[in-house]
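Dropping final16.txt in here (compact mmCIF, C-alpha atoms):
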# COMPACT_ATOMS: atom_id res chain seq x y z
CA MET A 176 -59.81 -34.21 -41.37
CA ASP A 177 -56.84 -32.92 -43.34
CA PHE A 178 -53.76 -34.94 -44.15
CA LEU A 179 -50.74 -32.66 -44.28
CA ALA A 180 -47.63 -34.20 -45.83
CA PRO A 181 -44.81 -31.66 -45.89
CA THR A 182 -41.58 -32.73 -47.57
CA THR A 183 -39.28 -30.19 -45.90
CA TRP A 184 -38.72 -29.25 -42.27
CA ALA A 185 -39.57 -25.62 -43.04
CA ASP A 186 -42.89 -26.67 -44.53
CA ALA A 187 -43.60 -28.91 -41.54
CA LEU A 188 -43.02 -26.02 -39.12
CA ALA A 189 -45.15 -23.72 -41.27
CA ALA A 190 -47.96 -26.29 -41.31
CA LYS A 191 -47.80 -26.67 -37.52
CA ALA A 192 -47.87 -22.88 -37.09
CA GLU A 193 -50.88 -22.61 -39.36
CA GLN A 194 -52.74 -25.53 -37.76
CA PRO A 195 -51.48 -25.90 -34.19
CA ASP A 196 -54.10 -28.58 -33.51
CA ALA A 197 -52.69 -30.81 -36.26
CA VAL A 198 -51.44 -34.04 -34.68
CA PRO A 199 -47.93 -35.02 -35.77
CA VAL A 200 -47.62 -38.64 -36.87
CA ALA A 201 -44.48 -40.63 -37.68
CA GLY A 202 -44.68 -44.35 -36.88
CA GLY A 203 -48.37 -44.14 -36.01
CA THR A 204 -47.98 -46.64 -33.17
CA ASP A 205 -49.74 -44.33 -30.70
CA VAL A 206 -51.73 -41.92 -32.89
CA MET A 207 -53.32 -44.56 -35.12
CA VAL A 208 -54.47 -46.65 -32.15
CA GLU A 209 -56.37 -43.63 -30.85
CA ILE A 210 -57.89 -42.96 -34.28
CA ASN A 211 -58.76 -46.62 -34.92
CA PHE A 212 -60.62 -46.76 -31.61
CA ASP A 213 -62.42 -43.45 -32.10
CA ARG A 214 -60.69 -41.95 -29.10
CA ARG A 215 -59.36 -39.08 -31.11
CA ARG A 216 -60.54 -37.20 -34.18
CA PRO A 217 -57.89 -34.57 -34.84
CA ARG A 218 -58.71 -31.78 -37.27
CA ALA A 219 -55.57 -32.73 -39.19
CA LEU A 220 -52.76 -35.28 -39.25
CA LEU A 221 -49.28 -33.91 -39.89
CA ASP A 222 -47.28 -36.69 -41.54
CA LEU A 223 -43.59 -36.27 -40.74
CA THR A 224 -42.27 -39.30 -42.63
CA ARG A 225 -41.45 -37.29 -45.75
CA VAL A 226 -39.11 -34.85 -43.99
CA PRO A 227 -35.72 -36.46 -44.68
CA GLU A 228 -33.64 -34.93 -41.88
CA LEU A 229 -35.95 -36.29 -39.19
CA SER A 230 -34.84 -39.83 -40.00
CA GLU A 231 -31.12 -39.00 -39.84
CA TRP A 232 -28.66 -39.07 -36.98
CA GLY A 233 -25.16 -37.68 -36.65
CA ARG A 234 -22.34 -36.84 -34.24
CA THR A 235 -21.92 -33.34 -32.84
CA ASP A 236 -18.57 -31.66 -32.10
CA ASP A 237 -19.18 -31.87 -28.36
CA GLY A 238 -19.44 -35.66 -28.15
CA ARG A 239 -23.18 -36.06 -28.53
CA ILE A 240 -25.42 -37.94 -30.91
CA ARG A 241 -28.04 -35.79 -32.60
CA LEU A 242 -30.84 -38.30 -33.09
CA GLY A 243 -33.50 -37.12 -35.53
CA ALA A 244 -36.97 -37.40 -34.04
CA GLY A 245 -38.02 -39.89 -36.74
CA VAL A 246 -35.22 -42.46 -36.39
CA THR A 247 -36.90 -45.80 -35.65
CA TYR A 248 -36.12 -48.08 -32.72
CA SER A 249 -34.94 -50.77 -35.15
CA ARG A 250 -32.30 -48.40 -36.50
CA ILE A 251 -31.22 -47.33 -33.01
CA ILE A 252 -30.66 -51.01 -32.15
CA ALA A 253 -28.76 -51.67 -35.38
CA GLU A 254 -26.77 -48.45 -35.66
CA LEU A 255 -26.29 -46.92 -32.21
CA ARG A 256 -25.85 -49.80 -29.78
CA ASP A 257 -22.22 -48.87 -29.07
CA GLU A 258 -22.65 -45.14 -28.67
CA LEU A 259 -26.06 -45.16 -26.96
CA PRO A 260 -26.17 -48.58 -25.26
CA GLY A 261 -28.85 -47.67 -22.70
CA LEU A 262 -31.23 -46.31 -25.29
CA ALA A 263 -30.53 -49.30 -27.56
CA MET A 264 -31.34 -51.70 -24.71
CA ALA A 265 -34.60 -49.87 -24.08
CA ALA A 266 -35.35 -49.90 -27.81
CA ARG A 267 -35.04 -53.70 -27.83
CA THR A 268 -37.87 -53.92 -25.31
CA VAL A 269 -40.28 -51.78 -27.34
CA GLY A 270 -43.35 -53.65 -28.65
CA SER A 271 -42.48 -56.15 -31.36
CA PRO A 272 -40.32 -56.13 -34.49
CA GLN A 273 -43.16 -54.50 -36.43
CA ILE A 274 -43.55 -51.77 -33.81
CA ARG A 275 -39.80 -51.17 -33.55
CA ASN A 276 -39.70 -50.80 -37.34
CA ARG A 277 -42.04 -47.82 -37.07
CA GLY A 278 -41.87 -46.33 -33.58
CA THR A 279 -39.55 -43.39 -32.91
CA VAL A 280 -38.03 -41.60 -29.93
CA GLY A 281 -39.65 -38.41 -31.20
CA GLY A 282 -43.02 -40.13 -30.95
CA ASN A 283 -42.26 -41.37 -27.45
CA LEU A 284 -41.44 -37.79 -26.42
CA GLY A 285 -44.48 -36.37 -28.18
CA ALA A 286 -46.81 -38.84 -26.46
CA ALA A 287 -44.97 -38.28 -23.15
CA SER A 288 -46.48 -41.36 -21.54
CA PRO A 289 -44.91 -42.03 -18.14
CA ALA A 290 -44.44 -45.59 -19.42
CA GLY A 291 -42.53 -44.69 -22.62
CA ASP A 292 -39.51 -46.99 -22.88
CA SER A 293 -37.03 -44.41 -24.14
CA HIS A 294 -37.54 -41.93 -21.30
CA PRO A 295 -35.49 -43.62 -18.53
CA PRO A 296 -32.31 -43.88 -20.64
CA LEU A 297 -32.77 -40.34 -21.98
CA LEU A 298 -32.96 -39.09 -18.40
CA ALA A 299 -30.01 -41.21 -17.25
CA CYS A 300 -27.89 -39.85 -20.12
CA ASP A 301 -28.80 -36.16 -19.61
CA ALA A 302 -30.40 -35.98 -23.04
CA VAL A 303 -31.70 -32.67 -24.36
CA VAL A 304 -34.74 -32.34 -26.60
CA GLU A 305 -34.37 -30.00 -29.57
CA VAL A 306 -37.74 -28.45 -30.42
CA ALA A 307 -38.53 -25.99 -33.18
CA SER A 308 -41.21 -23.75 -34.57
CA VAL A 309 -41.35 -20.97 -37.14
CA ARG A 310 -40.26 -18.74 -34.24
CA GLY A 311 -36.96 -20.55 -33.90
CA SER A 312 -35.57 -23.52 -32.03
CA ARG A 313 -34.75 -24.20 -28.40
CA GLU A 314 -33.29 -26.99 -26.30
CA VAL A 315 -35.17 -28.50 -23.37
CA PRO A 316 -33.41 -30.95 -21.01
CA ALA A 317 -35.31 -34.25 -20.92
CA ALA A 318 -35.79 -33.82 -17.15
CA GLU A 319 -37.78 -30.64 -17.86
CA PHE A 320 -39.56 -31.91 -20.95
CA TYR A 321 -42.09 -34.13 -19.18
CA THR A 322 -44.62 -31.87 -17.48
CA GLY A 323 -47.40 -34.31 -16.53
CA PRO A 324 -49.05 -37.58 -17.56
CA LYS A 325 -49.00 -37.47 -21.39
CA ARG A 326 -48.06 -33.79 -21.27
CA ASN A 327 -44.83 -32.21 -22.38
CA ALA A 328 -43.15 -28.83 -22.71
CA LEU A 329 -44.03 -28.33 -26.39
CA ALA A 330 -45.86 -25.15 -27.34
CA PRO A 331 -48.80 -25.70 -29.72
CA ASP A 332 -46.78 -24.55 -32.75
CA GLU A 333 -43.67 -26.57 -31.90
CA LEU A 334 -42.40 -29.88 -33.26
CA ILE A 335 -39.67 -32.15 -31.92
CA ALA A 336 -36.68 -31.96 -34.25
CA ALA A 337 -34.15 -34.19 -32.53
CA VAL A 338 -32.71 -35.44 -29.27
CA LEU A 339 -29.15 -34.62 -28.28
CA ILE A 340 -27.69 -37.51 -26.30
CA PRO A 341 -24.14 -37.65 -24.93
CA ARG A 342 -22.27 -40.68 -26.27
CA ALA A 343 -21.73 -43.25 -23.54
CA THR A 344 -18.52 -42.82 -21.56
CA GLY A 345 -19.23 -45.82 -19.33
CA PRO A 346 -21.55 -48.79 -18.99
CA GLN A 347 -25.32 -48.31 -19.17
CA GLN A 348 -28.17 -50.64 -18.25
CA PHE A 349 -31.92 -50.72 -18.67
CA CYS A 350 -34.49 -52.89 -16.88
CA LYS A 351 -38.20 -53.19 -17.51
CA ILE A 352 -40.92 -55.17 -15.75
CA GLY A 353 -43.88 -56.49 -17.71
CA THR A 354 -46.09 -59.52 -18.06
CA ARG A 355 -44.19 -60.94 -21.00
CA ASN A 356 -41.10 -60.13 -23.00
CA ALA A 357 -42.80 -58.65 -26.07
CA MET A 358 -45.66 -56.20 -26.57
CA VAL A 359 -45.57 -54.93 -23.03
CA ILE A 360 -46.26 -51.51 -21.60
CA ALA A 361 -43.83 -51.21 -18.72
CA VAL A 362 -45.18 -51.83 -15.24
CA ALA A 363 -41.99 -50.15 -14.06
CA ALA A 364 -38.64 -49.42 -15.69
CA PHE A 365 -35.23 -48.17 -14.67
CA ALA A 366 -32.11 -46.97 -16.47
CA ILE A 367 -28.62 -46.25 -15.18
CA ALA A 368 -25.61 -44.64 -16.86
CA LEU A 369 -22.16 -44.65 -15.30
CA GLN A 370 -20.12 -41.57 -16.15
CA PRO A 371 -16.65 -42.46 -14.79
CA GLN A 372 -14.90 -39.38 -16.21
CA ARG A 373 -17.23 -37.14 -14.21
CA LYS A 374 -17.42 -39.65 -11.35
CA ALA A 375 -21.17 -39.32 -11.76
CA ILE A 376 -24.17 -41.60 -12.22
CA GLY A 377 -27.32 -40.92 -14.20
CA THR A 378 -30.68 -42.48 -13.41
CA GLY A 379 -34.12 -42.66 -14.99
CA ILE A 380 -37.37 -44.08 -13.63
CA GLY A 381 -40.29 -45.06 -15.87
CA SER A 382 -43.93 -45.95 -15.13
CA ALA A 383 -43.68 -45.13 -11.44
CA ALA A 384 -44.64 -41.46 -11.20
CA PRO A 385 -46.88 -39.00 -13.12
CA THR A 386 -43.89 -38.38 -15.42
CA PRO A 387 -40.63 -40.15 -16.13
CA ARG A 388 -38.17 -38.81 -13.57
CA THR A 389 -34.64 -39.11 -12.26
CA ALA A 390 -33.57 -40.35 -8.82
CA PRO A 391 -31.07 -37.61 -7.98
CA ASP A 392 -30.51 -38.48 -4.31
CA ALA A 393 -29.86 -42.11 -5.17
CA ALA A 394 -27.45 -41.12 -7.95
CA VAL A 395 -25.46 -38.72 -5.76
CA PHE A 396 -25.38 -41.30 -2.97
CA LEU A 397 -24.03 -44.13 -5.14
CA ALA A 398 -21.50 -41.97 -6.99
CA GLY A 399 -20.32 -40.48 -3.67
CA GLU A 400 -19.89 -43.85 -1.96
CA ILE A 401 -17.98 -45.18 -4.95
CA ASP A 402 -15.76 -42.11 -4.90
CA ALA A 403 -15.19 -42.25 -1.14
CA ALA A 404 -13.95 -45.84 -1.45
CA GLY A 405 -11.68 -44.93 -4.38
CA LEU A 406 -13.50 -47.38 -6.62
CA TRP A 407 -13.64 -45.19 -9.73
CA GLU A 408 -9.84 -45.63 -9.85
CA SER A 409 -9.40 -49.13 -8.41
CA ARG A 410 -12.49 -50.59 -10.07
CA GLY A 411 -12.84 -52.85 -7.06
CA PRO A 412 -16.08 -54.66 -6.18
CA LEU A 413 -18.99 -52.68 -4.78
CA PRO A 414 -19.13 -52.85 -0.96
CA GLU A 415 -21.79 -55.20 0.34
CA GLY A 416 -25.14 -53.58 0.75
CA LEU A 417 -24.33 -50.53 -1.38
CA ALA A 418 -26.40 -51.61 -4.38
CA VAL A 419 -29.26 -52.57 -2.06
CA GLU A 420 -29.22 -49.14 -0.44
CA PHE A 421 -29.10 -47.55 -3.90
CA GLY A 422 -32.18 -49.57 -4.81
CA ARG A 423 -34.00 -48.31 -1.73
CA LYS A 424 -33.17 -44.72 -2.58
CA VAL A 425 -34.36 -45.17 -6.17
CA ARG A 426 -37.59 -46.61 -4.81
CA ASP A 427 -37.97 -43.58 -2.54
CA ALA A 428 -37.74 -41.28 -5.56
CA ALA A 429 -40.82 -42.84 -7.17
CA SER A 430 -44.49 -42.02 -6.54
CA PRO A 431 -46.46 -44.65 -8.41
CA ILE A 432 -50.17 -45.36 -8.52
CA ASP A 433 -52.26 -48.54 -8.55
CA ASP A 434 -53.60 -49.24 -12.03
CA VAL A 435 -54.56 -52.12 -14.32
CA ARG A 436 -50.92 -53.00 -14.99
CA GLY A 437 -49.76 -53.22 -11.40
CA SER A 438 -50.06 -51.95 -7.85
CA ALA A 439 -48.06 -49.07 -6.44
CA ALA A 440 -46.52 -51.44 -3.90
CA TYR A 441 -45.35 -53.83 -6.61
CA ARG A 442 -43.90 -50.95 -8.64
CA LEU A 443 -41.93 -49.72 -5.63
CA HIS A 444 -40.61 -53.19 -4.84
CA SER A 445 -39.71 -53.94 -8.45
CA LEU A 446 -37.93 -50.59 -8.77
CA SER A 447 -35.71 -51.31 -5.78
CA VAL A 448 -34.85 -54.71 -7.25
CA MET A 449 -34.25 -53.35 -10.76
CA ALA A 450 -32.07 -50.50 -9.51
CA ARG A 451 -29.98 -52.89 -7.41
CA ARG A 452 -29.52 -55.23 -10.35
CA ALA A 453 -28.85 -52.45 -12.87
CA ALA A 454 -26.21 -50.89 -10.63
CA THR A 455 -24.55 -54.27 -10.07
CA TRP A 456 -24.56 -55.15 -13.76
CA ALA A 457 -23.25 -51.74 -14.79
CA TRP A 458 -20.50 -51.89 -12.19
CA ASP A 459 -19.55 -55.41 -13.30
CA ASP A 460 -19.38 -54.12 -16.88
CA PHE A 461 -17.14 -51.27 -15.70
CA ARG A 462 -14.81 -53.71 -13.96
CA SER A 463 -14.64 -56.10 -16.93
CA GLU A 464 -13.93 -53.16 -19.28
CA ASP A 465 -10.80 -52.58 -17.24
CA ARG A 466 -9.81 -56.22 -17.48
CA ARG A 467 -10.38 -56.18 -21.22
CA ALA A 468 -8.25 -53.07 -21.58
CA ALA A 469 -5.46 -54.57 -19.46
CA MET B 57 -58.17 -37.78 -50.80
CA ARG B 58 -56.49 -39.81 -53.51
CA ILE B 59 -53.43 -41.94 -52.93
CA GLN B 60 -51.26 -43.71 -55.47
CA LEU B 61 -49.12 -46.60 -54.41
CA THR B 62 -47.58 -49.80 -55.70
CA VAL B 63 -48.86 -52.99 -54.14
CA ASN B 64 -47.28 -56.31 -55.08
CA GLY B 65 -45.78 -54.65 -58.13
CA THR B 66 -49.06 -53.20 -59.38
CA ARG B 67 -49.81 -49.49 -59.34
CA HIS B 68 -53.05 -48.60 -57.55
CA ASP B 69 -54.89 -45.27 -57.67
CA VAL B 70 -57.22 -45.16 -54.70
CA ASP B 71 -59.89 -42.49 -54.33
CA ASP B 72 -61.99 -41.27 -51.40
CA VAL B 73 -59.42 -42.26 -48.80
CA TRP B 74 -60.33 -40.76 -45.44
CA PRO B 75 -57.22 -39.03 -43.96
CA GLY B 76 -57.45 -41.00 -40.71
CA GLU B 77 -57.83 -44.30 -42.52
CA SER B 78 -55.26 -47.07 -42.11
CA LEU B 79 -53.32 -48.70 -44.89
CA LEU B 80 -54.96 -51.95 -43.78
CA TYR B 81 -58.45 -50.59 -44.46
CA ALA B 82 -57.37 -49.23 -47.84
CA LEU B 83 -55.83 -52.57 -48.82
CA ARG B 84 -58.80 -54.66 -47.75
CA GLU B 85 -61.77 -52.45 -48.52
CA ARG B 86 -60.58 -50.30 -51.42
CA MET B 87 -58.03 -52.45 -53.25
CA GLY B 88 -59.62 -55.86 -52.83
CA LEU B 89 -56.63 -57.36 -51.06
CA PRO B 90 -58.04 -59.16 -47.98
CA GLY B 91 -54.88 -61.19 -47.25
CA ALA B 92 -53.72 -58.95 -44.42
CA LYS B 93 -56.23 -59.50 -41.63
CA ASN B 94 -57.96 -56.96 -39.43
CA ALA B 95 -58.00 -58.08 -35.82
CA CYS B 96 -56.77 -55.92 -32.96
CA GLU B 97 -56.33 -52.58 -34.78
CA GLN B 98 -53.68 -51.59 -32.25
CA GLY B 99 -50.49 -53.28 -33.40
CA GLU B 100 -50.68 -56.05 -30.82
CA CYS B 101 -51.49 -59.10 -32.92
CA GLY B 102 -49.49 -58.81 -36.15
CA SER B 103 -52.20 -60.33 -38.33
CA CYS B 104 -52.05 -57.28 -40.64
CA THR B 105 -48.28 -57.44 -41.16
CA VAL B 106 -47.21 -56.23 -44.62
CA TYR B 107 -44.00 -54.87 -46.08
CA LEU B 108 -43.86 -51.09 -46.45
CA GLU B 109 -40.79 -50.14 -48.48
CA GLY B 110 -39.38 -53.59 -47.68
CA VAL B 111 -39.89 -53.26 -43.91
CA PRO B 112 -42.49 -55.37 -42.02
CA VAL B 113 -45.06 -53.16 -40.33
CA CYS B 114 -48.56 -53.41 -38.88
CA ALA B 115 -50.73 -52.02 -41.69
CA CYS B 116 -53.37 -51.05 -39.12
CA LEU B 117 -50.99 -48.43 -37.70
CA VAL B 118 -49.91 -46.89 -41.01
CA PRO B 119 -52.03 -43.94 -42.09
CA ALA B 120 -52.94 -44.74 -45.69
CA GLY B 121 -51.61 -41.33 -46.74
CA GLN B 122 -48.15 -42.33 -45.59
CA ALA B 123 -48.16 -45.10 -48.21
CA HIS B 124 -48.72 -42.63 -51.04
CA GLY B 125 -45.93 -43.02 -53.59
CA ARG B 126 -44.50 -45.97 -51.70
CA GLU B 127 -44.24 -49.73 -52.25
CA VAL B 128 -46.25 -52.26 -50.32
CA THR B 129 -46.00 -56.04 -50.46
CA THR B 130 -48.76 -58.11 -48.90
CA VAL B 131 -49.03 -61.85 -48.35
CA GLU B 132 -50.73 -62.03 -51.76
CA GLY B 133 -47.47 -60.88 -53.35
CA LEU B 134 -45.14 -63.53 -51.94
CA ALA B 135 -45.99 -66.53 -54.13
CA PRO B 136 -44.04 -66.83 -57.38
CA GLU B 137 -45.73 -65.27 -60.36
CA GLY B 138 -45.75 -66.25 -63.99
CA SER B 139 -45.69 -69.98 -63.42
CA GLY B 140 -49.24 -70.09 -64.74
CA ASP B 141 -50.20 -71.98 -61.62
CA GLU B 142 -52.51 -69.90 -59.47
CA THR B 143 -52.12 -72.29 -56.56
CA ALA B 144 -48.32 -71.91 -56.50
CA LEU B 145 -47.06 -71.14 -53.00
CA HIS B 146 -43.96 -69.55 -51.57
CA PRO B 147 -41.83 -72.07 -49.63
CA VAL B 148 -42.84 -70.37 -46.37
CA GLN B 149 -46.52 -70.84 -47.24
CA GLN B 150 -45.88 -74.43 -48.30
CA ALA B 151 -44.13 -75.18 -45.00
CA PHE B 152 -47.02 -73.75 -42.95
CA LEU B 153 -49.40 -75.97 -44.91
CA GLU B 154 -47.30 -79.12 -44.63
CA LYS B 155 -46.53 -78.73 -40.93
CA GLY B 156 -50.11 -78.04 -39.92
CA ALA B 157 -49.19 -74.59 -38.65
CA VAL B 158 -52.62 -73.30 -39.63
CA GLN B 159 -55.81 -73.77 -37.70
CA CYS B 160 -58.33 -70.97 -37.99
CA GLY B 161 -55.86 -69.21 -40.28
CA PHE B 162 -56.51 -65.68 -39.13
CA CYS B 163 -52.98 -65.04 -37.87
CA THR B 164 -51.38 -66.96 -40.73
CA PRO B 165 -50.88 -64.15 -43.29
CA GLY B 166 -49.05 -62.04 -40.72
CA LEU B 167 -46.94 -64.97 -39.58
CA ILE B 168 -46.09 -65.78 -43.20
CA VAL B 169 -44.88 -62.23 -43.85
CA SER B 170 -42.89 -62.08 -40.59
CA THR B 171 -41.32 -65.47 -41.32
CA HIS B 172 -40.55 -64.41 -44.89
CA ASP B 173 -38.76 -61.34 -43.53
CA LEU B 174 -36.86 -63.33 -40.89
CA LEU B 175 -35.55 -65.87 -43.39
CA GLN B 176 -34.45 -63.14 -45.80
CA ARG B 177 -32.34 -61.59 -43.05
CA ASN B 178 -31.30 -64.79 -41.30
CA PRO B 179 -31.39 -68.00 -43.37
CA ASP B 180 -30.53 -70.23 -40.40
CA PRO B 181 -32.28 -68.82 -37.32
CA SER B 182 -32.00 -70.41 -33.89
CA ASP B 183 -35.21 -71.14 -31.98
CA PRO B 184 -34.82 -68.04 -29.78
CA GLU B 185 -34.29 -65.96 -32.91
CA ILE B 186 -37.48 -67.37 -34.44
CA ARG B 187 -39.43 -66.64 -31.27
CA GLU B 188 -38.09 -63.09 -31.14
CA ALA B 189 -38.87 -62.47 -34.82
CA LEU B 190 -42.44 -63.72 -34.35
CA ALA B 191 -43.02 -62.01 -30.98
CA GLY B 192 -45.36 -59.51 -32.63
CA ASN B 193 -47.62 -62.17 -34.16
CA LEU B 194 -50.21 -63.78 -31.94
CA CYS B 195 -51.82 -67.15 -32.65
CA ARG B 196 -54.60 -68.29 -30.33
CA CYS B 197 -55.09 -71.78 -31.79
CA THR B 198 -51.91 -73.72 -32.40
CA GLY B 199 -49.76 -73.15 -29.34
CA TYR B 200 -46.93 -72.14 -31.67
CA GLU B 201 -45.16 -75.52 -31.80
CA LYS B 202 -46.40 -76.25 -35.33
CA ILE B 203 -45.50 -72.72 -36.32
CA MET B 204 -41.96 -73.25 -35.05
CA ASP B 205 -41.83 -76.51 -37.04
CA ALA B 206 -42.99 -74.65 -40.14
CA VAL B 207 -40.39 -71.91 -39.80
CA ARG B 208 -37.61 -74.46 -39.36
CA ALA B 209 -38.87 -76.39 -42.40
CA ALA B 210 -39.14 -73.22 -44.49
CA ALA B 211 -35.61 -72.23 -43.52
CA GLU B 212 -34.35 -75.60 -44.67
CA ALA B 213 -36.31 -75.45 -47.91
CA LEU B 214 -34.93 -72.01 -48.70
CA ARG B 215 -31.28 -72.78 -47.90
Can you dump the structure from the file as structure tokens?
Amino acid sequence: MDFLAPTTWADALAAKAEQPDAVPVAGGTDVMVEINFDRRRPRALLDLTRVPELSEWGRTDDGRIRLGAGVTYSRIIAELRDELPGLAMAARTVGSPQIRNRGTVGGNLGAASPAGDSHPPLLACDAVVEVASVRGSREVPAAEFYTGPKRNALAPDELIAAVLIPRATGPQQFCKIGTRNAMVIAVAAFAIALQPQRKAIGTGIGSAAPTPRTAPDAAVFLAGEIDAAGLWESRGPLPEGLAVEFGRKVRDAASPIDDVRGSAAYRLHSLSVMARRAATWAWDDFRSEDRRAA
Amino acid sequence: MRIQLTVNGTRHDVDDVWPGESLLYALRERMGLPGAKNACEQGECGSCTVYLEGVPVCACLVPAGQAHGREVTTVEGLAPEGSGDETALHPVQQAFLEKGAVQCGFCTPGLIVSTHDLLQRNPDPSDPEIREALAGNLCRCTGYEKIMDAVRAAAEALR
């Protein structure tokens, strides 16, 4: 096994081009488990922790956060909770303090587990993944990035550079079901992002389909009902039953399986409950924002 | 491969490191520092918690090569040096001892490092804050009550 430790992004891309089977490693929270348990013996590890720009984030001119692939969950919680509240909430549920100190959104995307905690908020926020190789760089919407269980849209010579995430323009929520609060792989997860300026709603489902996915019909339904009742302007309470129906439609967007962490039936039920709660909480946040501003 | 790193203030040159090897293995088997414990090897139990560049991490999940040129502090490096007393303990260690927060002791080094980190950041933690800070450290003996007592006592001793 080789240990490749480039110190520049150009060198990292060159190394990946030269050895496409090299496994990128940042926090090690997935890759090292597989190596420790002899489940994986890659020809080479490509250490990305010495490439400085991967651990940086900044604001783009078009209102987005460009989050370097190597920014840890701990830093997202500490530094981006106002601008990316949904992702920060999800980050708080990742593993333990030690895991959050090392784990990265880039790693979550690279592993592309359907249960990855950052995926639902990335989907709900219309995030775009910036990938690069020696051939150049391209942007892949998160919704197109996940191609199957633990598979993603990366070509063998590509690395994840960053994620472009619109800064929140309204309340966001994240819910996750697990057996305890810490160190849990999600049984099911859900994220919602209200986008009042566009009168739109973003959704993301985790751990309840072969890939993380959105619930587009549910999102269009809820945003449309809110609009039809004039609630984006009046910020009045949600009509009775609306959040429940939203929850049902989110549930209908999922296609979970039975596995060691939970049954498909439980995942569907918990999703409908989480979506109802998340919508209610987000809407309550939206209403109290107005009261605070008044 | 060879890695060079600083552990508890001392420079170590370590040879024959396998590229897939963890920092935990290198510390325990190549540097003679068995304080950090090897239990789950998957970041679940926290018994291998060490500081890497001042940040608590599970050493079992750090490729040893990532520690090259970097600073590591293990539980062995927390007690005050230079007092001439080899049995001198850090107040966090003393509190664990006095409160009976140790049974089999396997989780203790990780809990000591996590508590040390918590009290550096937050000298007066609430009980929920203690529980959250120690959520990545599993103890299968004590039921945690004595550990909570020890953290509260250490916080008081350090204030």
What residues in chain A have any atom no more than 8 Å from chain B when counting only C-alpha atoms, and can you write them as a list in words?
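The contacting residues on chain A are Met176, Asp177, Phe178, Gly202, Gly203, Thr204, Met207, Val208, Ile210, Asn211, Phe212, Leu220, Asp222, Thr224, Gly270, Ser271, Pro272, Gln273, Ile274, Asn276, Arg277, Ala357 and Met358 of chain A.
For the pair CA of Ile367 (chain A) and CA of Glu231 (chain A), the interatomic distance is 25.8 Å.
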Write out, as CSV, each residue of region 276-377 of chain A that has an atom at most 8 Å from region 241-255 of chain A, together with the closest pair of atoms and their distance in Å to one decimal, counting only C-alpha atoms, rows going by chain and rising number.
residue,atom,partner,partner_atom,distance
A:Asn276,CA,A:Ser249,CA,5.2
A:Arg277,CA,A:Thr247,CA,5.7
A:Gly278,CA,A:Thr247,CA,5.4
A:Thr279,CA,A:Thr247,CA,4.5
A:Val280,CA,A:Ala244,CA,6.0
A:Gly281,CA,A:Ala244,CA,4.0
A:Gly282,CA,A:Ala244,CA,7.3
A:Ile335,CA,A:Ala244,CA,6.3
A:Ala336,CA,A:Ala244,CA,5.5
A:Ala337,CA,A:Gly243,CA,4.2
A:Val338,CA,A:Leu242,CA,5.1
A:Leu339,CA,A:Arg241,CA,4.6
A:Ile340,CA,A:Arg241,CA,6.5
Pairwise distance for CA of Glu193 (chain A) and CA of Asn327 (chain A), rounded to one decimal in Å:
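Computing the Euclidean distance for CA of Glu193 (chain A) and CA of Asn327 (chain A) yields 20.4 Å.
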Determine the nearest neighbour of Ala457 (chain A) from the options A:Gly238, A:Gly285, A:Pro181, A:Pro260, counting only C-alpha atoms.
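Closest to Ala457 (chain A) of all the choices is A:Pro260.
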Expressed in Å to a single decimal, how great is the separation between CA of Val158 (chain B) and CA of Leu83 (chain B)?
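Computing the Euclidean distance for CA of Val158 (chain B) and CA of Leu83 (chain B) yields 22.9 Å.
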Selection near Ala190 (chain A), 12 Å with only C-alpha atoms, sequence-local residues under 2 positions removed, as a PyMOL selection string
chain A and resi 177-188+192-199+219-223+308-309+331-334
Quick one: residues within 12 Å of (-22.9, -41.6, -3.6) (file frame), counting all atoms listed in the file, please, as a list in words.
Lys374, Ala375, Ile376, Gly377, Ala390, Pro391, Asp392, Ala393, Ala394, Val395, Phe396, Leu397, Ala398, Gly399, Glu400, Ile401, Asp402, Ala403, Ala404, Gly405, Leu406, Trp407, Leu413, Leu417, Ala418, Glu420, Phe421 and Lys424 of chain A
Please determine the residues with any atom at most 10 Å from (-53.5, -66.6, -53.9) (coordinates as given in the file, with all atoms listed in the file counting) and report them as a PDB file with C-alpha atoms, in the coordinates of the input.
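The new file out_7.pdb reads:
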ATOM      1  CA  GLY B  91     -54.880 -61.190 -47.250  1.00  0.00           C
ATOM      2  CA  VAL B 131     -49.030 -61.850 -48.350  1.00  0.00           C
ATOM      3  CA  GLU B 132     -50.730 -62.030 -51.760  1.00  0.00           C
ATOM      4  CA  GLY B 133     -47.470 -60.880 -53.350  1.00  0.00           C
ATOM      5  CA  LEU B 134     -45.140 -63.530 -51.940  1.00  0.00           C
ATOM      6  CA  ALA B 135     -45.990 -66.530 -54.130  1.00  0.00           C
ATOM      7  CA  ASP B 141     -50.200 -71.980 -61.620  1.00  0.00           C
ATOM      8  CA  GLU B 142     -52.510 -69.900 -59.470  1.00  0.00           C
ATOM      9  CA  THR B 143     -52.120 -72.290 -56.560  1.00  0.00           C
ATOM     10  CA  ALA B 144     -48.320 -71.910 -56.500  1.00  0.00           C
ATOM     11  CA  LEU B 145     -47.060 -71.140 -53.000  1.00  0.00           C
TER      12      LEU B 145
END
Do a neighbour search on region 63-67 of chain B at 6 Å with all atoms listed in the file, toss out local chain neighbours closer than 3 positions, and write the hits as number ranges by chain.
B: 127-129, 133
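Of the listed residues A:Ala266, A:Val435, A:Ala453, A:Leu259, the one whose atoms come nearest to Thr354 (chain A) is A:Val435, with distances taken using all atoms listed in the file.
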